[in-house]
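Data file: coords.cif. Format and content: mmCIF, C-alpha atoms and all ligand atoms.
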data_upload
#
loop_
_atom_site.label_atom_id
_atom_site.label_comp_id
_atom_site.auth_asym_id
_atom_site.auth_seq_id
_atom_site.Cartn_x
_atom_site.Cartn_y
_atom_site.Cartn_z
CA MET A 234 24.79 21.26 -21.24
CA THR A 235 28.30 22.67 -21.06
CA ASP A 236 30.54 23.90 -18.32
CA THR A 237 31.98 26.88 -20.12
CA PRO A 238 33.89 29.12 -17.71
CA SER A 239 31.35 31.94 -18.17
CA GLN A 240 28.70 29.79 -16.45
CA VAL A 241 30.81 29.09 -13.39
CA ARG A 242 30.98 32.09 -11.08
CA PRO A 243 34.74 32.66 -10.66
CA ASP A 244 34.33 33.15 -6.90
CA MET A 245 32.56 29.79 -6.57
CA ALA A 246 35.25 27.87 -8.43
CA GLU A 247 37.96 29.81 -6.58
CA MET A 248 36.38 28.94 -3.23
CA MET A 249 36.55 25.23 -4.13
CA ARG A 250 40.20 25.57 -5.13
CA ARG A 251 41.05 27.47 -1.93
CA ARG A 252 39.59 24.58 0.03
CA GLY A 253 42.19 22.42 -1.66
CA LEU A 254 39.68 20.51 -3.77
CA LYS A 255 40.91 19.18 -7.08
CA GLU A 256 39.10 20.14 -10.26
CA TRP A 257 37.61 17.70 -12.78
CA SER A 258 35.85 17.77 -16.08
CA LEU A 259 33.31 14.94 -16.14
CA GLU A 260 31.87 13.71 -19.43
CA VAL A 261 28.55 11.90 -19.40
CA ILE A 262 28.82 8.40 -20.87
CA GLY A 263 25.32 7.18 -20.14
CA ALA A 264 22.48 7.02 -17.65
CA ALA A 265 20.18 4.26 -16.44
CA GLN A 266 17.28 3.87 -14.05
CA ILE A 267 18.36 1.45 -11.30
CA THR A 268 15.25 1.62 -9.10
CA PRO A 269 12.06 3.73 -9.38
CA ARG A 270 13.60 6.59 -7.35
CA MET A 271 17.29 6.22 -8.24
CA ARG A 272 19.02 7.09 -11.53
CA ARG A 273 22.66 6.23 -12.20
CA VAL A 274 24.80 8.51 -14.37
CA SER A 275 28.17 7.21 -15.62
CA LEU A 276 30.85 9.80 -16.28
CA LYS A 277 34.42 9.81 -17.58
CA VAL A 278 36.84 11.68 -15.31
CA ASP A 279 39.32 14.05 -16.89
CA GLY A 280 41.78 16.07 -14.79
CA ALA A 281 45.42 16.94 -14.27
CA GLU A 282 45.90 14.74 -11.19
CA PRO A 283 44.96 11.18 -10.20
CA PHE A 284 41.31 10.86 -9.11
CA GLU A 285 41.51 8.81 -5.89
CA PRO A 286 38.21 8.75 -4.00
CA LYS A 287 37.87 6.74 -0.80
CA PRO A 288 34.64 4.74 -0.43
CA GLY A 289 32.00 7.08 1.03
CA GLN A 290 33.49 10.33 -0.28
CA ASP A 291 31.65 12.75 -2.54
CA ILE A 292 32.27 15.30 -5.25
CA VAL A 293 30.81 18.78 -5.61
CA MET A 294 29.16 18.99 -9.03
CA MET A 295 28.42 22.32 -10.71
CA LEU A 296 24.96 21.81 -12.19
CA PRO A 297 22.74 24.19 -14.17
CA ASP A 298 20.53 26.05 -11.70
CA GLY A 299 17.70 26.78 -14.15
CA ALA A 300 18.45 30.51 -14.10
CA GLY A 301 21.43 30.55 -16.43
CA GLY A 302 24.07 29.81 -13.81
CA LEU A 303 25.47 26.81 -12.01
CA GLY A 304 24.79 25.60 -8.48
CA ARG A 305 26.89 23.36 -6.23
CA ARG A 306 25.48 19.94 -5.39
CA HIS A 307 27.20 17.18 -3.40
CA TYR A 308 26.98 13.66 -4.84
CA THR A 309 28.73 10.53 -3.61
CA VAL A 310 31.14 8.61 -5.77
CA ARG A 311 29.09 5.42 -5.89
CA SER A 312 31.92 3.59 -7.64
CA PHE A 313 35.08 4.39 -9.56
CA ASP A 314 36.90 2.35 -12.19
CA PRO A 315 40.54 3.57 -12.26
CA VAL A 316 41.32 1.76 -15.50
CA ARG A 317 38.47 3.33 -17.46
CA GLN A 318 38.65 6.51 -15.36
CA GLN A 319 34.89 6.13 -15.03
CA VAL A 320 32.77 7.21 -12.10
CA GLU A 321 29.18 6.30 -11.30
CA VAL A 322 26.90 8.67 -9.44
CA ASP A 323 23.42 7.69 -8.20
CA PHE A 324 20.81 10.46 -8.04
CA VAL A 325 17.68 10.22 -5.88
CA LEU A 326 14.67 11.42 -7.88
CA HIS A 327 12.99 13.34 -5.05
CA GLY A 328 10.93 15.38 -7.52
CA ASP A 329 11.53 16.60 -11.04
CA ALA A 330 12.30 20.30 -10.76
CA THR A 331 15.58 20.67 -8.89
CA PRO A 332 19.02 20.96 -10.54
CA GLY A 333 20.29 17.59 -9.33
CA VAL A 334 17.22 15.70 -10.44
CA ARG A 335 16.92 17.58 -13.74
CA PHE A 336 20.54 16.73 -14.53
CA ALA A 337 20.02 13.03 -13.77
CA LEU A 338 16.88 12.87 -15.91
CA SER A 339 18.29 14.74 -18.91
CA ALA A 340 22.00 13.77 -18.96
CA GLN A 341 23.11 12.90 -22.48
CA PRO A 342 26.38 11.27 -23.61
CA GLY A 343 29.00 13.89 -24.41
CA GLU A 344 27.73 16.51 -21.94
CA ARG A 345 30.37 17.89 -19.61
CA VAL A 346 30.13 18.86 -15.95
CA LEU A 347 32.68 20.63 -13.78
CA ALA A 348 33.27 18.97 -10.40
CA PHE A 349 35.53 19.38 -7.35
CA GLY A 350 36.78 16.78 -4.90
CA PRO A 351 36.81 14.05 -3.78
CA ARG A 352 35.99 15.39 -0.33
CA GLY A 353 34.60 14.38 3.03
CA ARG A 354 35.46 12.49 6.21
CA ASN A 355 32.66 10.01 5.63
CA VAL A 356 35.05 7.08 5.25
CA ILE A 357 35.60 3.73 6.92
CA ASN A 358 37.13 3.93 10.40
CA PRO A 359 39.61 1.03 10.16
CA GLY A 360 39.86 0.35 13.90
CA ALA A 361 36.21 -0.36 14.70
CA ASP A 362 34.97 -3.76 15.97
CA TRP A 363 31.58 -3.18 14.31
CA ARG A 364 29.91 -0.53 12.19
CA LEU A 365 26.37 0.75 12.04
CA PHE A 366 25.08 2.80 9.08
CA VAL A 367 21.79 4.70 9.12
CA GLY A 368 20.20 6.83 6.42
CA ASP A 369 17.47 7.37 3.85
CA GLU A 370 17.78 6.56 0.14
CA THR A 371 20.05 9.57 -0.40
CA CYS A 372 22.62 7.67 1.65
CA ILE A 373 22.53 4.35 -0.23
CA PRO A 374 25.49 5.45 -2.43
CA PRO A 375 27.89 6.14 0.47
CA ILE A 376 26.61 3.30 2.65
CA PHE A 377 26.91 0.74 -0.16
CA ALA A 378 30.31 2.07 -1.28
CA MET A 379 31.62 1.67 2.28
CA LEU A 380 29.97 -1.73 2.86
CA GLU A 381 31.43 -3.07 -0.41
CA SER A 382 34.90 -2.03 0.70
CA LEU A 383 34.81 -3.93 4.01
CA PRO A 384 36.93 -7.09 4.19
CA ALA A 385 35.76 -10.60 5.08
CA GLY A 386 35.21 -10.90 8.81
CA ALA A 387 34.16 -7.26 9.30
CA LYS A 388 30.73 -6.82 10.89
CA ALA A 389 28.24 -4.18 9.79
CA HIS A 390 24.54 -3.44 9.99
CA ALA A 391 22.65 -0.85 7.94
CA ILE A 392 19.23 0.69 8.53
CA ILE A 393 18.02 2.29 5.31
CA GLU A 394 14.72 4.05 4.64
CA ILE A 395 13.41 3.90 1.06
CA GLY A 396 10.33 5.18 -0.76
CA SER A 397 8.99 1.70 -1.48
CA ASP A 398 10.22 -1.90 -1.47
CA ALA A 399 11.00 -1.53 -5.19
CA ASP A 400 13.83 0.84 -4.19
CA ARG A 401 15.83 -1.89 -2.44
CA GLN A 402 19.19 -2.61 -4.03
CA PRO A 403 21.27 -5.80 -3.94
CA LEU A 404 24.58 -5.56 -2.09
CA SER A 405 27.74 -7.50 -2.77
CA SER A 406 30.21 -7.41 0.13
CA ALA A 407 32.80 -9.80 1.53
CA ALA A 408 31.92 -8.59 5.03
CA ASP A 409 29.28 -9.91 7.41
CA VAL A 410 26.53 -7.39 6.57
CA THR A 411 22.85 -7.22 7.44
CA ILE A 412 20.45 -4.60 6.10
CA ASP A 413 17.18 -3.50 7.65
CA TRP A 414 15.10 -1.81 4.91
CA ILE A 415 12.29 0.51 6.00
CA SER A 416 9.69 1.29 3.32
CA ARG A 417 7.71 4.55 3.43
CA GLU A 418 5.05 2.78 1.33
CA GLY A 419 5.24 5.44 -1.39
CA ALA A 420 5.41 8.50 0.87
CA HIS A 421 8.02 11.22 0.30
CA ALA A 422 11.03 11.53 2.59
CA ALA A 423 10.39 13.93 5.46
CA PRO A 424 12.23 15.44 8.44
CA MET A 425 12.40 13.64 11.80
CA SER A 426 11.77 10.22 10.29
CA SER A 427 10.13 8.20 13.07
CA GLY A 428 10.88 5.00 11.13
CA LEU A 429 14.63 5.61 11.19
CA ILE A 430 14.74 7.07 14.70
CA GLU A 431 12.73 4.21 16.25
CA ARG A 432 14.52 1.42 14.35
CA LEU A 433 17.91 2.76 15.44
CA ALA A 434 16.72 3.13 19.05
CA ALA A 435 15.57 -0.51 19.04
CA ARG A 436 18.83 -1.83 17.59
CA PRO A 437 21.11 -3.28 20.28
CA LEU A 438 24.67 -2.00 20.10
CA PRO A 439 27.11 -4.96 19.90
CA GLU A 440 29.96 -5.54 22.35
CA GLY A 441 33.28 -3.90 21.53
CA ARG A 442 34.14 -0.49 20.18
CA GLY A 443 31.92 0.39 17.25
CA HIS A 444 31.46 3.24 14.86
CA ALA A 445 28.12 4.70 13.74
CA TYR A 446 27.48 6.65 10.55
CA VAL A 447 24.28 8.71 10.67
CA LEU A 448 23.58 10.34 7.32
CA GLY A 449 20.63 11.96 5.60
CA GLU A 450 18.01 14.55 6.56
CA THR A 451 19.54 16.92 9.09
CA SER A 452 16.90 16.91 11.86
CA THR A 453 16.69 13.11 11.78
CA ILE A 454 20.42 12.62 12.15
CA ARG A 455 20.73 15.26 14.90
CA ARG A 456 18.18 13.30 16.90
CA GLN A 457 19.90 9.97 16.13
CA ARG A 458 23.28 11.33 17.17
CA HIS A 459 21.77 12.62 20.42
CA ASP A 460 20.19 9.19 21.10
CA LEU A 461 23.44 7.31 20.38
CA LEU A 462 25.39 9.60 22.74
CA ALA A 463 22.74 8.96 25.42
CA ARG A 464 23.26 5.21 24.91
CA GLY A 465 26.98 5.55 25.67
CA LEU A 466 28.66 5.95 22.29
CA GLY A 467 31.48 8.51 22.34
CA LYS A 468 31.43 11.57 20.10
CA ASP A 469 34.44 10.15 18.29
CA GLN A 470 32.44 6.99 17.53
CA ILE A 471 29.77 8.82 15.52
CA PHE A 472 30.08 10.41 12.11
CA GLY A 473 27.10 12.52 11.10
CA GLU A 474 26.47 14.66 8.04
CA GLY A 475 23.27 16.38 6.94
CA TYR A 476 22.74 15.53 3.27
CA TRP A 477 19.55 17.55 2.80
CA ARG A 478 16.77 19.30 4.65
CA PRO A 479 13.58 21.08 3.55
CA GLY A 480 14.31 24.52 2.14
CA ARG A 481 18.08 24.11 1.92
CA VAL A 482 19.58 24.40 -1.57
CA GLY A 483 22.63 22.20 -2.11
CA GLY A 484 25.35 22.20 0.57
CA HIS A 485 25.62 20.05 3.69
CA ASP A 486 25.14 20.39 7.44
CA HIS A 487 27.90 19.58 9.91
CA LEU A 488 26.93 18.07 13.21
CA GLU A 489 28.66 19.52 16.24
CA GLU A 490 31.40 17.08 17.16
CA HIS A 491 32.43 18.36 20.59
C1 LIG A 501 28.31 14.55 1.34
C2 LIG A 501 27.00 14.38 0.58
C3 LIG A 501 26.82 13.33 -0.30
C4 LIG A 501 25.60 13.18 -1.00
N1 LIG A 501 25.45 12.14 -1.87
C5 LIG A 501 24.29 12.00 -2.57
C6 LIG A 501 24.12 10.95 -3.54
O1 LIG A 501 25.03 10.17 -3.81
N2 LIG A 501 22.93 10.87 -4.19
C7 LIG A 501 21.90 11.76 -3.94
O2 LIG A 501 20.85 11.63 -4.56
N3 LIG A 501 22.05 12.77 -3.05
C8 LIG A 501 23.21 12.91 -2.38
N4 LIG A 501 23.36 13.93 -1.49
C9 LIG A 501 22.22 14.82 -1.23
C10 LIG A 501 22.07 15.90 -2.30
O3 LIG A 501 23.26 16.67 -2.38
C11 LIG A 501 20.87 16.80 -1.91
O4 LIG A 501 19.70 16.03 -1.87
C12 LIG A 501 20.73 17.97 -2.87
O5 LIG A 501 19.94 18.95 -2.23
C13 LIG A 501 20.09 17.55 -4.18
O6 LIG A 501 20.11 18.65 -5.07
P1 LIG A 501 18.80 19.08 -5.86
O7 LIG A 501 19.26 20.05 -6.90
O8 LIG A 501 18.03 17.87 -6.32
O9 LIG A 501 17.90 19.81 -4.77
P2 LIG A 501 18.15 21.27 -4.13
O10 LIG A 501 17.89 22.32 -5.14
O11 LIG A 501 19.47 21.27 -3.45
O12 LIG A 501 17.04 21.30 -3.01
C14 LIG A 501 15.74 21.85 -3.19
C15 LIG A 501 14.81 21.27 -2.15
O13 LIG A 501 14.53 19.91 -2.46
C16 LIG A 501 14.35 19.17 -1.24
N5 LIG A 501 15.32 18.04 -1.26
C17 LIG A 501 16.63 18.07 -1.56
N6 LIG A 501 17.17 16.85 -1.50
C18 LIG A 501 16.18 16.01 -1.13
C19 LIG A 501 16.12 14.61 -0.90
N7 LIG A 501 17.21 13.80 -1.04
N8 LIG A 501 14.93 14.08 -0.54
C20 LIG A 501 13.84 14.86 -0.40
N9 LIG A 501 13.82 16.20 -0.60
C21 LIG A 501 14.99 16.76 -0.96
C22 LIG A 501 14.58 20.17 -0.10
O14 LIG A 501 13.33 20.70 0.33
C23 LIG A 501 15.39 21.25 -0.75
O15 LIG A 501 15.24 22.51 -0.11
C24 LIG A 501 24.56 14.11 -0.80
C25 LIG A 501 24.76 15.20 0.09
C26 LIG A 501 25.96 15.34 0.77
C27 LIG A 501 26.16 16.51 1.70
#
How does this structure look as structure tokens?
Amino acid sequence: MTDTPSQVRPDMAEMMRRRGLKEWSLEVIGAAQITPRMRRVSLKVDGAEPFEPKPGQDIVMMLPDGAGGLGRRHYTVRSFDPVRQQVEVDFVLHGDATPGVRFALSAQPGERVLAFGPRGRNVINPGADWRLFVGDETCIPPIFAMLESLPAGAKAHAIIEIGSDADRQPLSSAADVTIDWISREGAHAAPMSSGLIERLAARPLPEGRGHAYVLGETSTIRRQRHDLLARGLGKDQIFGEGYWRPGRVGGHDHLEEH
């Protein structure tokens, strides 16, 4: 696969630049299966400026759309090594026929991908007394990147839904972190996840001023945001972003913040 300029619609690349996003050429170094439904692709970052992602931020990758063009797909920077200029991106294998999944399954060393970013306000709020992260497997990359960045003494809890127990991942963090894994017992991810909604509703909110990150399928996180507001959290204490929903192609959904 290449990222020759003819494949990138000029308006699409221009739109990214107008948004102030930096442009990168990523070269595939390798790929590995890390759990049954997650594949990690390692890429070398090449660009004119320093690549400085904050934990939790994503890049917009221009991936072959199967019809001769390229489509935009958001993927989190799971980790970045500034010395090697190497980034790791974890792809959920939610099928085998979509551009994101096809790229993860077929990526070969030497292939190049155009990307824009890093972007996003999904970053650690430094002033919080505690943090709560909720999401499906699509959100393991940002949740783990943020948890790993927390210092000793910080308190965090994560509620993460996965396809099966084999999709759990080990976490290494200096912070005081607990993770509540919810297995779908092999079922596919679906809207309005009762597992996530009920587990969050049952979770007591600690004393002090906390911050909640609700990420993942759009209808699930809308409901979770609504429930957290009803339990007394302020709008400024909740970050929500729709990572996917049935029928949507690429992109992301903002949650109303006012
Ligand atoms: C800020 C941000 C960061 C993200 N980070 C990551 C990441 O690090 N890793 C990651 O894997 N994804 C991540 N995502 C989600 C990813 O961008 C979407 O899942 C995207 O749709 C995948 O592209 P695709 O080509 O596979 O499917 P698309 O062609 O975009 O979608 C086709 C259809 O597939 C279904 N679908 C899409 N995604 C999923 C899913 N996750 N589970 C079940 N069904 C789905 C929907 O029905 C959709 O209409 C992120 C999204 C955002 C907004």
Inset, instruction - Counting all atoms listed in the file, select every polymer residue within 10 Å of (27.6, 11.1, 10.4) as defined in the file's coordinates, and provide the selection as a list of chain:residue names. - result: A:Arg354, A:Asn355, A:Val356, A:Phe366, A:Val367, A:Gly368, A:His444, A:Ala445, A:Tyr446, A:Val447, A:Leu448, A:Gly449, A:Ile454, A:Arg455, A:Gln457, A:Arg458, A:Gln470, A:Ile471, A:Phe472, A:Gly473, A:Glu474, A:Gly475, A:Tyr476, A:His487, A:Leu488, A:Glu490
Inset, instruction - Enter the distance from CA of Pro288 (chain A) to CA of Thr451 (chain A), in Å, rounded to one decimal. - result: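 CA of Thr451 (chain A) lies 21.6 Å from CA of Pro288 (chain A).
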Inset, instruction - Rank A:Ala423, A:Val346, A:Val482, A:Ala399 by their smallest atom-to-atom distance to Thr453 (chain A), using all atoms listed in the file, and report the top residue only. - result: A:Ala423
Legend entry - Which of A:Glu394, A:Asp329, A:Glu256, A:Asp291 sits closest to Ser427 (chain A) [using only C-alpha atoms]: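 When distances to Ser427 (chain A) are compared using only C-alpha atoms, the smallest one comes from A:Glu394.
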Inset, instruction - Measure the distance from CA of Pro437 (chain A) to CA of Ala387 (chain A) in Å and round it to one decimal. - result: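 Distance reported for this atom pair: 17.5 Å.
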Determine the axis-aligned bounding box of all atoms of ligand LIG 501 (chain A) present in the file, pad each side by 5 Å, and express its centre and edge lengths in Å to one decimal place as JSON.
{"center_x": 20.8, "center_y": 16.3, "center_z": -2.6, "size_x": 25.0, "size_y": 22.3, "size_z": 18.6}
Legend entry - Residue among A:Ala407, A:Ala463, A:Val293, A:Leu438 lying closest to ligand LIG 501 (chain A), counting all atoms listed in the file: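 For ligand LIG 501 (chain A), the nearest of the candidates is A:Val293.
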Legend entry - Of the listed residues A:Leu461, A:Glu440, A:Ala389, A:His307, that which approaches Asp486 (chain A) most closely, counting all atoms listed in the file: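 So, comparing all the options, the nearest one is A:His307.
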Please complete region 378-396 of chain A with N, CA and C atoms and give it back as a JSON list (two decimals), in the coordinates of the input.
[["chain", "number", "residue", "atom", "x", "y", "z"],
["A", 378, "ALA", "N", 28.89, 1.98, -0.90],
["A", 378, "ALA", "CA", 30.31, 2.07, -1.28],
["A", 378, "ALA", "C", 31.18, 1.62, -0.10],
["A", 379, "MET", "N", 30.82, 2.04, 1.11],
["A", 379, "MET", "CA", 31.62, 1.67, 2.28],
["A", 379, "MET", "C", 31.44, 0.19, 2.61],
["A", 380, "LEU", "N", 30.20, -0.31, 2.56],
["A", 380, "LEU", "CA", 29.97, -1.73, 2.86],
["A", 380, "LEU", "C", 30.73, -2.63, 1.88],
["A", 381, "GLU", "N", 30.73, -2.25, 0.60],
["A", 381, "GLU", "CA", 31.43, -3.07, -0.41],
["A", 381, "GLU", "C", 32.93, -3.11, -0.17],
["A", 382, "SER", "N", 33.44, -2.10, 0.50],
["A", 382, "SER", "CA", 34.90, -2.03, 0.70],
["A", 382, "SER", "C", 35.36, -2.79, 1.94],
["A", 383, "LEU", "N", 34.42, -3.24, 2.77],
["A", 383, "LEU", "CA", 34.81, -3.93, 4.01],
["A", 383, "LEU", "C", 35.35, -5.33, 3.71],
["A", 384, "PRO", "N", 36.36, -5.75, 4.45],
["A", 384, "PRO", "CA", 36.93, -7.09, 4.19],
["A", 384, "PRO", "C", 36.10, -8.19, 4.84],
["A", 385, "ALA", "N", 36.39, -9.44, 4.45],
["A", 385, "ALA", "CA", 35.76, -10.60, 5.08],
["A", 385, "ALA", "C", 36.04, -10.55, 6.57],
["A", 386, "GLY", "N", 35.05, -10.88, 7.36],
["A", 386, "GLY", "CA", 35.21, -10.90, 8.81],
["A", 386, "GLY", "C", 34.73, -9.62, 9.48],
["A", 387, "ALA", "N", 34.67, -8.52, 8.72],
["A", 387, "ALA", "CA", 34.16, -7.26, 9.30],
["A", 387, "ALA", "C", 32.65, -7.39, 9.52],
["A", 388, "LYS", "N", 32.16, -6.73, 10.57],
["A", 388, "LYS", "CA", 30.73, -6.82, 10.89],
["A", 388, "LYS", "C", 30.08, -5.45, 10.70],
["A", 389, "ALA", "N", 28.94, -5.44, 10.00],
["A", 389, "ALA", "CA", 28.24, -4.18, 9.79],
["A", 389, "ALA", "C", 26.74, -4.41, 9.69],
["A", 390, "HIS", "N", 26.00, -3.41, 10.15],
["A", 390, "HIS", "CA", 24.54, -3.44, 9.99],
["A", 390, "HIS", "C", 24.12, -2.09, 9.43],
["A", 391, "ALA", "N", 23.15, -2.11, 8.51],
["A", 391, "ALA", "CA", 22.65, -0.85, 7.94],
["A", 391, "ALA", "C", 21.14, -0.77, 8.12],
["A", 392, "ILE", "N", 20.67, 0.42, 8.47],
["A", 392, "ILE", "CA", 19.23, 0.69, 8.53],
["A", 392, "ILE", "C", 18.97, 1.75, 7.47],
["A", 393, "ILE", "N", 18.19, 1.38, 6.45],
["A", 393, "ILE", "CA", 18.02, 2.29, 5.31],
["A", 393, "ILE", "C", 16.54, 2.48, 5.01],
["A", 394, "GLU", "N", 16.11, 3.74, 4.97],
["A", 394, "GLU", "CA", 14.72, 4.05, 4.64],
["A", 394, "GLU", "C", 14.61, 4.33, 3.14],
["A", 395, "ILE", "N", 13.61, 3.73, 2.51],
["A", 395, "ILE", "CA", 13.41, 3.90, 1.06],
["A", 395, "ILE", "C", 11.94, 4.24, 0.79],
["A", 396, "GLY", "N", 11.69, 4.78, -0.42],
["A", 396, "GLY", "CA", 10.33, 5.18, -0.76],
["A", 396, "GLY", "C", 9.37, 4.00, -0.82]]
